[in-house]
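Peer 1: This structure is in structure tokens; I'll ask about it shortly.
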There are 4 protein chains.
Amino acid sequence: MKKLKMGMIGGGTGSFIGDVHRKAASIDGMIELVCGAFSSTPEKSIASGKDLGIPSERCYADFNEMIAKEKELSEEERMDFVAIVTPNHMHVPPAKLALENGFHVVCDKPVSLTLDEAIELEDVIAKSGKLFALTHNYTGHPMVKQAKAMVANGDIGKIRKIQTQYLQGWLSTAVEQTGQKQAAWRTDPKKSGIGGALGDIGTHAENLIEYITGLKIDEIAADLGKFGEGRTLDDDGNMLIRMDNGAKGTISISQIALGEENNLAIKVYGEKGALEWHQEQPNELVTRWLEEPQKVYTPNGNGLYPEALEVSRIPAGHPEGYLEAFATIYKNFATQLNAVKNGETAEKTDYPTIQDGIRGMKFIYAAVESDNNNSSWVKI
Amino acid sequence: MKKLKMGMIGGGTGSFIGDVHRKAASIDGMIELVCGAFSSTPEKSIASGKDLGIPSERCYADFNEMIAKEKELSEEERMDFVAIVTPNHMHVPPAKLALENGFHVVCDKPVSLTLDEAIELEDVIAKSGKLFALTHNYTGHPMVKQAKAMVANGDIGKIRKIQTQYLQGWLSTAVEQTGQKQAAWRTDPKKSGIGGALGDIGTHAENLIEYITGLKIDEIAADLGKFGEGRTLDDDGNMLIRMDNGAKGTISISQIALGEENNLAIKVYGEKGALEWHQEQPNELVTRWLEEPQKVYTPNGNGLYPEALEVSRIPAGHPEGYLEAFATIYKNFATQLNAVKNGETAEKTDYPTIQDGIRGMKFIYAAVESDNNNSSWVKI
Amino acid sequence: MKKLKMGMIGGGTGSFIGDVHRKAASIDGMIELVCGAFSSTPEKSIASGKDLGIPSERCYADFNEMIAKEKELSEEERMDFVAIVTPNHMHVPPAKLALENGFHVVCDKPVSLTLDEAIELEDVIAKSGKLFALTHNYTGHPMVKQAKAMVANGDIGKIRKIQTQYLQGWLSTAVEQTGQKQAAWRTDPKKSGIGGALGDIGTHAENLIEYITGLKIDEIAADLGKFGEGRTLDDDGNMLIRMDNGAKGTISISQIALGEENNLAIKVYGEKGALEWHQEQPNELVTRWLEEPQKVYTPNGNGLYPEALEVSRIPAGHPEGYLEAFATIYKNFATQLNAVKNGETAEKTDYPTIQDGIRGMKFIYAAVESDNNNSSWVKI
Amino acid sequence: MKKLKMGMIGGGTGSFIGDVHRKAASIDGMIELVCGAFSSTPEKSIASGKDLGIPSERCYADFNEMIAKEKELSEEERMDFVAIVTPNHMHVPPAKLALENGFHVVCDKPVSLTLDEAIELEDVIAKSGKLFALTHNYTGHPMVKQAKAMVANGDIGKIRKIQTQYLQGWLSTAVEQTGQKQAAWRTDPKKSGIGGALGDIGTHAENLIEYITGLKIDEIAADLGKFGEGRTLDDDGNMLIRMDNGAKGTISISQIALGEENNLAIKVYGEKGALEWHQEQPNELVTRWLEEPQKVYTPNGNGLYPEALEVSRIPAGHPEGYLEAFATIYKNFATQLNAVKNGETAEKTDYPTIQDGIRGMKFIYAAVESDNNNSSWVKI
């Protein structure tokens, strides 16, 4: 099987998430990086591409040039899809251009700077007929798949309570004032949008809830914090949620939870059972039951649903981590894209889409509105 | 040293919390049970007392009789204090009578059925000049003492974020309809008050927050649930909190969190460090720091403050649990009471008081009011 | 029910294990301390007794005086049994005298200074017709009872492999040279016997293996270490074991495993299932299965055998610890002793006996012999 | 930077370890697979290659053909090195041929079928002047690097005690008789050598000990088990070890430890500190100290040595796992190989070599000899 050809927008040398996308895309051997507009200047873009083994003629000055030039190449040679790994304000413009010029798109989250942009993008995608994947990577973990399957199969019964947290501590001090690039754009409303931590990590929490439970968050009451000196965007948030089936819950997010590394966790309580998953120990799914003892599931371990088994790459006990879960998004996207290219019936595979992106943007908007109204309930 | 003499109100055979109080009071060898009004009928009271090795003449029909008759005994012989371990509606009446008749009091929580009752009791205590302890037992754990001392010493800096949960699952089904006595009174507003889970476990969460941080909860926004069939009191609650120093946080409580046993936990994030403690693993205090790796403290282990060392009974690695922490409340109360009896200057030792009880009642009232107003913020 | 009367030999003020025995004996309200020969001098014994609320006339100069004087008291008044909590060399002499004078005995472990002494004591016990309990306290944990019951019921099938460790670090430096009393006698062959860590903690490991599995250790190959400066007794040991059913395994013990607190743990692998238990997290029993996911049992949680339920005092999720497990030895002993006193048929309850004591001494002797023969296999 | 070109021997469709090598080699974008002799028949080799996107002309019938044909290609086009991922008996023959024909080699472990073969290979490597890496992949974990650095920097002082285990349960039943290929060759002495579990997992344990501690195992006393029906090779082993500095310890390995997945763990106790690492939770290094509390290190977390920081790919809290550690072996090998190719001074980077392979074979031989002599001590 020939590899799919990926062009990257953003992700130059030193980028965190660009490197993650490249590693994730490469793990399963289905995708190769062939070109990129890696950086804001042509020089940097070429330098980054060189480090990555990309010929200089395919290191472009910007995404406009990239899309234009790649389009001129033969089908055999040109990129199949673009991976967009820029700050939030630069997601939709290249995504639209790529789609309108016949390229499929993988895009980092949150999908856009504004909600309107996201809704507009949905149209563009629909019209283009191209594939669009959003990298809510945590849905790629085998134990998240198992959790979703258990809920879908009714194992835990009707859901009553959900507890979710996404806690980081890296913005505990005002590192954005010290030249830390990752912090700089994330705390800048022009590049990040109206949500700070809300967009960066809150959307992951929101997406994970809806992915696992199959429910929608109906309304939200939010109390946001701006603890870091000089911050204009939230770096902390405590939220109450009500689900569309009557379940209730909390979402707690923070980038000033000092000492926390990447503590995303979710607990779901139903009428018959309960589930607990922690991103930092991703290879365990703890389950609780009315009459039976606690059971702990592991990737490729006993008792799993096919949805979990399919995405476990290595035998039980050999930990898979962040990159592998990320890679599963790419793998599923690539599987469908291969089918599309081969003219086969290409059923939608399991990866997040523009609809997830719009939900994320609505979540941000609702949380900010609630916070502006002293935590009153706002519908998503 | 002679043992202090305890009379018990409530706690007949089969009682959970009465047995806990007796075991806790006995562990440190400072207290002996000498009499009781253990149950609602004289026959049951005597039968319970017999099981406990109490002579039948000191097993009383009710607390009125007990207080009257004990008062007539010689100082040498009569009880020094009463332990009140009845359902909530029967806390204040015997407490008042005991205090007014010269007996010290240890009382289970929440302190009263209504807030007014609690405020009235405060007066009675003040006038009596007697000691009054409220058994917020979780404050007795060595690692909770360590956490409090670390905050007080400024180790973690100004507090920004607090996450607290108290999750149980034992009311996931309507066990109160099956004759389960513990469930029956806790779900009955006449015996429990206006709070269900709020009073039973929420007050522990509230107390733990204020004990460890030294801060007060300033206001609260609550979304309560009544999931069990036929329930009129809350069995679940999700709350936002704002502290009097500007910190923000969440409290999540539940008795329908299926499969959870007694999952009380707290995380406190400051500007310089952070603390995490779990009641089900009470012998670990996880701490996080700006520049240093995570450090885990253990009872009698390295690096503790005196406040933690003083309440650790056995060498490091020999787990102490629920009863030992409960016993520490009794031990500290007994230490002060011995001093009082000996006519020494009896400094207040470290145990919860009526002021903690009033805070708990205000917490319940504020949460219920907020919930009645669609989760609007209410001052405590 | 009247309390049983306990006399204590050893355990004066400042003693670790004497205090543990007293607390453990008191928790369940079945036993009261009435007299003692608490220390090596009459003055210290009286001072210790005073702290404990014992009248000075029942604080004896030594165990000879205690046994003689108590015997003269009325049956109503005199002690029912002695608890021996002295260093090893002072176990058998008072035990024999007590038994020969009609008193039952609870004795700390290892049971004796020498193997011969232990065998002789077995005879004395048999002739006396009195009860004798040895405080291998770790067998008192609910999850140890559950493990034993699961093996006995064939849940894990024929046992193939056993891994046991008992790791402490408190003798990492030569603290016995600094006046630390606990360390001083344990490192002194005259008081400790031929085993150092072997006797102090190794016998617990050995006893736990045989208690849970119902098997006997058939032979042992030991490599002992004497790492602490100036030590003549082992402070570390690595051992291979072969069980009488063909299973194989390891025992690793140490008191120089720096930073370890009281890390006793056992793993048992059978043909159908496997068990894992850690003393420092005593309220979890992890089990593994051929076709099912890992299951975790907890005290008073779902799916337990009666043997585990019977010894859990408080609801699930309220941790019981070291003292409670120790108390279970006393409780079971007291239950049988009450029956004996009441002239009832007094079936042997579940507590360790002289036979466990002899197994422990044989274990020590076999390990030392093996070590002296360059780790050759020695039968126990 | 251009990618290094890898040819693979073994690892056809359905292979576990071949797929691991390919994913690991691809993660860091430094290596591409260009050819292979993937299977025992030309047809299967071509089919496997097709799945992997390899042109059929570079899918060879066997390694002889592959090495001969690749040698004829231009330097620009031909493979730079071979990755050998066959069963043990097929490691040395292709390795020798590749080296003698100018190709560098990455080889799975254990390095050979017999000890003699390994020693012979050492000569061939030396004469060839080519690079040779052995994939003891667990040495690639950031927390293993941190552990090694802490020992090397004297942080934990002189080492006294080592506990190592490598426990799996997948051979608990005789799956090799059911057509399971992975089990079939591992239990067959003709393909596996004289060690079963010893070679497959015991060598990893041995290598990890020597890698982290910088010490050598001096002698070993082994008790091996053959529990699976019909097995002629060990599937379980309990071992005592003595290190060349006087430290003592244990190694326990098993493939019949039912329910264990891939439980490799090591504890190292020194005179000043202690270290604990578990492969199934690879992103934590627990450390213990004489006077300070336990400290837990994490990849890219606070307080790490450069050796650990260098091999952490993603921010703290984003778990890296088995594949990433494996990838670090390839990355380090590739880094040196790039230098070699560029004619730079190519310092040996940090990856295991033939010397590690010979140590592993000596370990297997010593353990088997000891077991044949009833667990007597045998020098390695």
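All residue names refer to the structure tokens as shown: chains lettered A, B, ... in order, residues numbered from 1 in each chain, ligands numbered from 1 in order.
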So which bits of region 248-342 of chain D end up helix (DSSP H, G or I) when you DSSP the backbone, as a list in words?
Peer 2: Pro306, Glu307, Ala308, Leu309, Tyr322, Leu323, Glu324, Ala325, Phe326, Ala327, Thr328, Ile329, Tyr330, Lys331, Asn332, Phe333, Ala334, Thr335, Gln336, Leu337, Asn338, Ala339, Val340 and Lys341 of chain D
Peer 1: Could you list, as a list in words, the residues of chain C having an atom within 6 Å of chain A when counting only C-alpha atoms?
Peer 2: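 Those within range of chain A come out as Glu291, Glu292, Pro293, Gln294, Lys295, Val296, Tyr297, Asn302 and Gly303 of chain C.
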Peer 1: What's the 9 Å shell around region 184-188 of chain C, counting only C-alpha atoms, without same-chain residues fewer than 2 positions away, as a list in words?
Peer 2: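 These residues fall inside the cut-off: Pro87, Asn88, Val175, Glu176, Gln177, Thr178, Gly179, Gln180, Lys181, Gln182, Lys190, Lys191, Ser192, Gly193, Gly195, Gly196, Ala197, Gly199, Asp200, Arg231, Thr232, Leu233, Asp234 and Asp235 of chain C.
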Peer 1: Those residues with C-alpha atoms, as a PDB file, in the first residue's frame please?
Peer 2:
ATOM      1  CA  PRO C  87      12.047  -8.838  73.329  1.00  0.00           C
ATOM      2  CA  ASN C  88      12.305 -12.393  71.988  1.00  0.00           C
ATOM      3  CA  VAL C 175      20.966   3.412  64.659  1.00  0.00           C
ATOM      4  CA  GLU C 176      21.489   0.743  67.310  1.00  0.00           C
ATOM      5  CA  GLN C 177      24.751   2.548  68.146  1.00  0.00           C
ATOM      6  CA  THR C 178      22.871   5.778  68.823  1.00  0.00           C
ATOM      7  CA  GLY C 179      20.757   4.546  71.702  1.00  0.00           C
ATOM      8  CA  GLN C 180      17.703   3.570  69.670  1.00  0.00           C
ATOM      9  CA  LYS C 181      16.223   0.869  71.921  1.00  0.00           C
ATOM     10  CA  GLN C 182      14.102  -0.837  69.264  1.00  0.00           C
ATOM     11  CA  LYS C 190      21.318 -12.545  72.991  1.00  0.00           C
ATOM     12  CA  LYS C 191      17.916 -10.910  72.858  1.00  0.00           C
ATOM     13  CA  SER C 192      16.896 -11.558  69.277  1.00  0.00           C
ATOM     14  CA  GLY C 193      18.206 -15.095  68.648  1.00  0.00           C
ATOM     15  CA  GLY C 195      17.887 -14.265  63.231  1.00  0.00           C
ATOM     16  CA  GLY C 196      17.823 -10.501  62.923  1.00  0.00           C
ATOM     17  CA  ALA C 197      15.514  -9.307  60.154  1.00  0.00           C
ATOM     18  CA  GLY C 199      12.976 -13.128  63.092  1.00  0.00           C
ATOM     19  CA  ASP C 200      11.612  -9.628  63.181  1.00  0.00           C
ATOM     20  CA  ARG C 231      26.136  -6.062  62.662  1.00  0.00           C
ATOM     21  CA  THR C 232      26.405  -9.731  63.567  1.00  0.00           C
ATOM     22  CA  LEU C 233      22.830 -10.580  62.676  1.00  0.00           C
ATOM     23  CA  ASP C 234      21.238 -10.415  59.230  1.00  0.00           C
ATOM     24  CA  ASP C 235      19.616  -7.145  58.252  1.00  0.00           C
TER      25      ASP C 235
END
Peer 1: Excluding region 363-368 of chain B and any residue of its chain fewer than 4 positions from it, enumerate the residues within 12 Å of it, using only C-alpha atoms, and give them as a ChimeraX atom specification.
Peer 2: /B:110-116,192-207,209-210,216-225,233-234,236-241,251-253,356-359,372-380
Peer 1: Identify, on the basis of only C-alpha atoms, every residue whose closest approach to Ala327 (chain C) does not exceed 9 Å; exclude the query and any residue fewer than 3 positions from it along the same chain; express the result as a VMD selection string.
Peer 2: chain C and resid 21 23 to 28 137 140 322 to 324 330 to 332
Peer 1: Go ahead and dump the residues you just picked, N, CA, C and O atoms, as a PDB file, in the first residue's frame.
Peer 2:
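Produced file part_35.pdb, reproduced below:
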ATOM      1  N   HIS C  21      -0.244  -3.342  71.262  1.00  0.00           N
ATOM      2  CA  HIS C  21      -1.070  -4.404  71.856  1.00  0.00           C
ATOM      3  C   HIS C  21      -2.209  -3.804  72.678  1.00  0.00           C
ATOM      4  O   HIS C  21      -3.338  -4.290  72.633  1.00  0.00           O
ATOM      5  N   LYS C  23      -3.693  -0.823  72.407  1.00  0.00           N
ATOM      6  CA  LYS C  23      -4.703  -0.217  71.536  1.00  0.00           C
ATOM      7  C   LYS C  23      -5.510  -1.307  70.825  1.00  0.00           C
ATOM      8  O   LYS C  23      -6.743  -1.244  70.726  1.00  0.00           O
ATOM      9  N   ALA C  24      -4.794  -2.304  70.310  1.00  0.00           N
ATOM     10  CA  ALA C  24      -5.466  -3.378  69.576  1.00  0.00           C
ATOM     11  C   ALA C  24      -6.433  -4.132  70.482  1.00  0.00           C
ATOM     12  O   ALA C  24      -7.546  -4.480  70.089  1.00  0.00           O
ATOM     13  N   ALA C  25      -6.003  -4.378  71.725  1.00  0.00           N
ATOM     14  CA  ALA C  25      -6.860  -5.123  72.646  1.00  0.00           C
ATOM     15  C   ALA C  25      -8.104  -4.320  73.012  1.00  0.00           C
ATOM     16  O   ALA C  25      -9.150  -4.891  73.335  1.00  0.00           O
ATOM     17  N   SER C  26      -7.985  -2.988  72.961  1.00  0.00           N
ATOM     18  CA  SER C  26      -9.101  -2.162  73.445  1.00  0.00           C
ATOM     19  C   SER C  26     -10.146  -1.870  72.377  1.00  0.00           C
ATOM     20  O   SER C  26     -11.288  -1.551  72.690  1.00  0.00           O
ATOM     21  N   ILE C  27      -9.784  -1.958  71.098  1.00  0.00           N
ATOM     22  CA  ILE C  27     -10.668  -1.451  70.033  1.00  0.00           C
ATOM     23  C   ILE C  27     -12.061  -2.068  70.072  1.00  0.00           C
ATOM     24  O   ILE C  27     -13.061  -1.370  69.921  1.00  0.00           O
ATOM     25  N   ASP C  28     -12.125  -3.374  70.260  1.00  0.00           N
ATOM     26  CA  ASP C  28     -13.438  -4.010  70.151  1.00  0.00           C
ATOM     27  C   ASP C  28     -14.194  -4.094  71.477  1.00  0.00           C
ATOM     28  O   ASP C  28     -15.240  -4.746  71.553  1.00  0.00           O
ATOM     29  N   ASN C 137       0.029 -10.488  63.276  1.00  0.00           N
ATOM     30  CA  ASN C 137      -1.101  -9.576  63.107  1.00  0.00           C
ATOM     31  C   ASN C 137      -1.576  -9.402  61.672  1.00  0.00           C
ATOM     32  O   ASN C 137      -2.733  -9.102  61.431  1.00  0.00           O
ATOM     33  N   GLY C 140      -4.713 -10.712  60.215  1.00  0.00           N
ATOM     34  CA  GLY C 140      -5.988 -10.160  60.657  1.00  0.00           C
ATOM     35  C   GLY C 140      -6.665  -9.250  59.648  1.00  0.00           C
ATOM     36  O   GLY C 140      -7.820  -8.857  59.843  1.00  0.00           O
ATOM     37  N   TYR C 322      -3.428  -1.039  60.445  1.00  0.00           N
ATOM     38  CA  TYR C 322      -2.573  -1.944  61.208  1.00  0.00           C
ATOM     39  C   TYR C 322      -3.189  -2.321  62.545  1.00  0.00           C
ATOM     40  O   TYR C 322      -3.235  -3.491  62.918  1.00  0.00           O
ATOM     41  N   LEU C 323      -3.682  -1.322  63.265  1.00  0.00           N
ATOM     42  CA  LEU C 323      -4.227  -1.601  64.600  1.00  0.00           C
ATOM     43  C   LEU C 323      -5.473  -2.481  64.523  1.00  0.00           C
ATOM     44  O   LEU C 323      -5.674  -3.363  65.355  1.00  0.00           O
ATOM     45  N   GLU C 324      -6.313  -2.248  63.537  1.00  0.00           N
ATOM     46  CA  GLU C 324      -7.540  -3.022  63.407  1.00  0.00           C
ATOM     47  C   GLU C 324      -7.234  -4.485  63.083  1.00  0.00           C
ATOM     48  O   GLU C 324      -7.906  -5.393  63.596  1.00  0.00           O
ATOM     49  N   TYR C 330      -6.758 -10.247  68.633  1.00  0.00           N
ATOM     50  CA  TYR C 330      -7.261 -10.177  70.010  1.00  0.00           C
ATOM     51  C   TYR C 330      -8.748 -10.519  70.086  1.00  0.00           C
ATOM     52  O   TYR C 330      -9.203 -11.205  70.996  1.00  0.00           O
ATOM     53  N   LYS C 331      -9.505 -10.015  69.115  1.00  0.00           N
ATOM     54  CA  LYS C 331     -10.955 -10.249  69.128  1.00  0.00           C
ATOM     55  C   LYS C 331     -11.259 -11.737  68.994  1.00  0.00           C
ATOM     56  O   LYS C 331     -12.099 -12.286  69.733  1.00  0.00           O
ATOM     57  N   ASN C 332     -10.586 -12.385  68.069  1.00  0.00           N
ATOM     58  CA  ASN C 332     -10.852 -13.814  67.881  1.00  0.00           C
ATOM     59  C   ASN C 332     -10.413 -14.613  69.109  1.00  0.00           C
ATOM     60  O   ASN C 332     -11.104 -15.534  69.548  1.00  0.00           O
TER      61      ASN C 332
END
